[in-house]
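Data first, discussion second: the structure below is written as structure tokens.
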Amino acid sequence: MDNISISGAKIYFYLFGVPITETQINSLIVTALLFGLCLFLTHGLKVRPTSKRQLVAEWIVEKVTNLVRDNMGERFLGFVPFVAAILGLSACSSLLALVAMYPPTADLNTVLGWALLVFVMITYYKIRANGPLGYLKGFTEPIFVFTPFNILGEIATPVSMAFRHFGNIVSGTVISALVYAALASLSTVLLGWLPGVLGKIPFLQIGIPAVLSIYFDLFSSCMQAFIFAMLTMLYIAGAANTEEN
């Protein structure tokens, strides 16, 4: 257990006493891959697209721009790069499970860090809209007795965002592992009577885990990235829009 961190990620080595884990290494890999993809797609851009690379880049920018415009409004288009980064990092981090690598989103530290960043932005816009005193006064509304509950509600925002994302990714990994083990046992019970080596081959593990992987590792990963991005946009826009009231 000495080479396993509290989060469950493997510890590769220590740097000045700080453990360097699978989460950190794999997060760097995802970041480098996304950076390389951005360089590849945006290299040699022209006013009129002449390559499929530029068409793909423009399609991605258009889709994320429309997503931000529809959920946050025209004046929040500056958030397009931020939302695109969240979508890319979250989805690609979770999809590492498809190539048998530890997904950083299965580490609570990763998604909690993202959620805290969003929480800081939410708080910034609330203070900007109402002023420091107005922001603090909001915790006492509608009456002073509700102050502890309002504070808990404020803290619950990043906690719920982090645990929702983390829980769905980890649960998918655990369920896939349990089903895979169960299929091995079931294969032994049903087909163990076959002669020789045939009775030892876990036939039921062929194909079925791949189907489950399509949902848990592919569909669920992309869906959780989309949900996290949506919550980010709605929370920030909701905090900023109080400025207009």
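Labeling convention for the structure tokens: chains A, B, ... as they appear, residues from 1 per chain, ligands from 1 in order of appearance.
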
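Residues within 12 Å of segment 143-157 of chain A, counting only C-alpha atoms and excluding same-chain residues fewer than 5 positions away, are Leu112, Trp114, Ala115, Leu116, Leu117, Val118, Phe119, Val120, Ile122, Thr123, Lys126, Tyr135, Leu136, Lys137, Gly138, Ala162, Phe163, Arg164, Phe228, Leu231, Thr232, Leu234, Tyr235, Ile236 and Ala239 of chain A.
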
Query - Shell of 6 Å around Ala225 of chain A, only C-alpha atoms, local chain residues under 6 positions omitted, as a PyMOL selection string - result: chain A and resi 87+90-91

Requested in this report: Point out the residue among A:Leu55, A:Val111, A:Ala9, A:Ala106 with the least atom-to-atom distance to Val174 of chain A, counting only C-alpha atoms.
Outcome: A:Ala106

Requested in this report: Quick one: pull the distance between atom CA of Val68 of chain A and atom CA of Ser27 of chain A, Å, one decimal.
Outcome: 25.0 Å

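Taking only C-alpha atoms, the non-local environment of segment 73-82 of chain A within 9 Å (same-chain residues fewer than 3 positions away omitted) comprises A:Val61, A:Val64, A:Thr65, A:Leu67, A:Val68, A:Arg69, A:Asp70, A:Ala85, A:Ile86, A:Leu87, A:Met233, A:Ala237.
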
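Using only C-alpha atoms, the nearest neighbour of Gly113 of chain A within the list A:Ile127, A:Met161, A:Val18, A:Leu41 is A:Met161.
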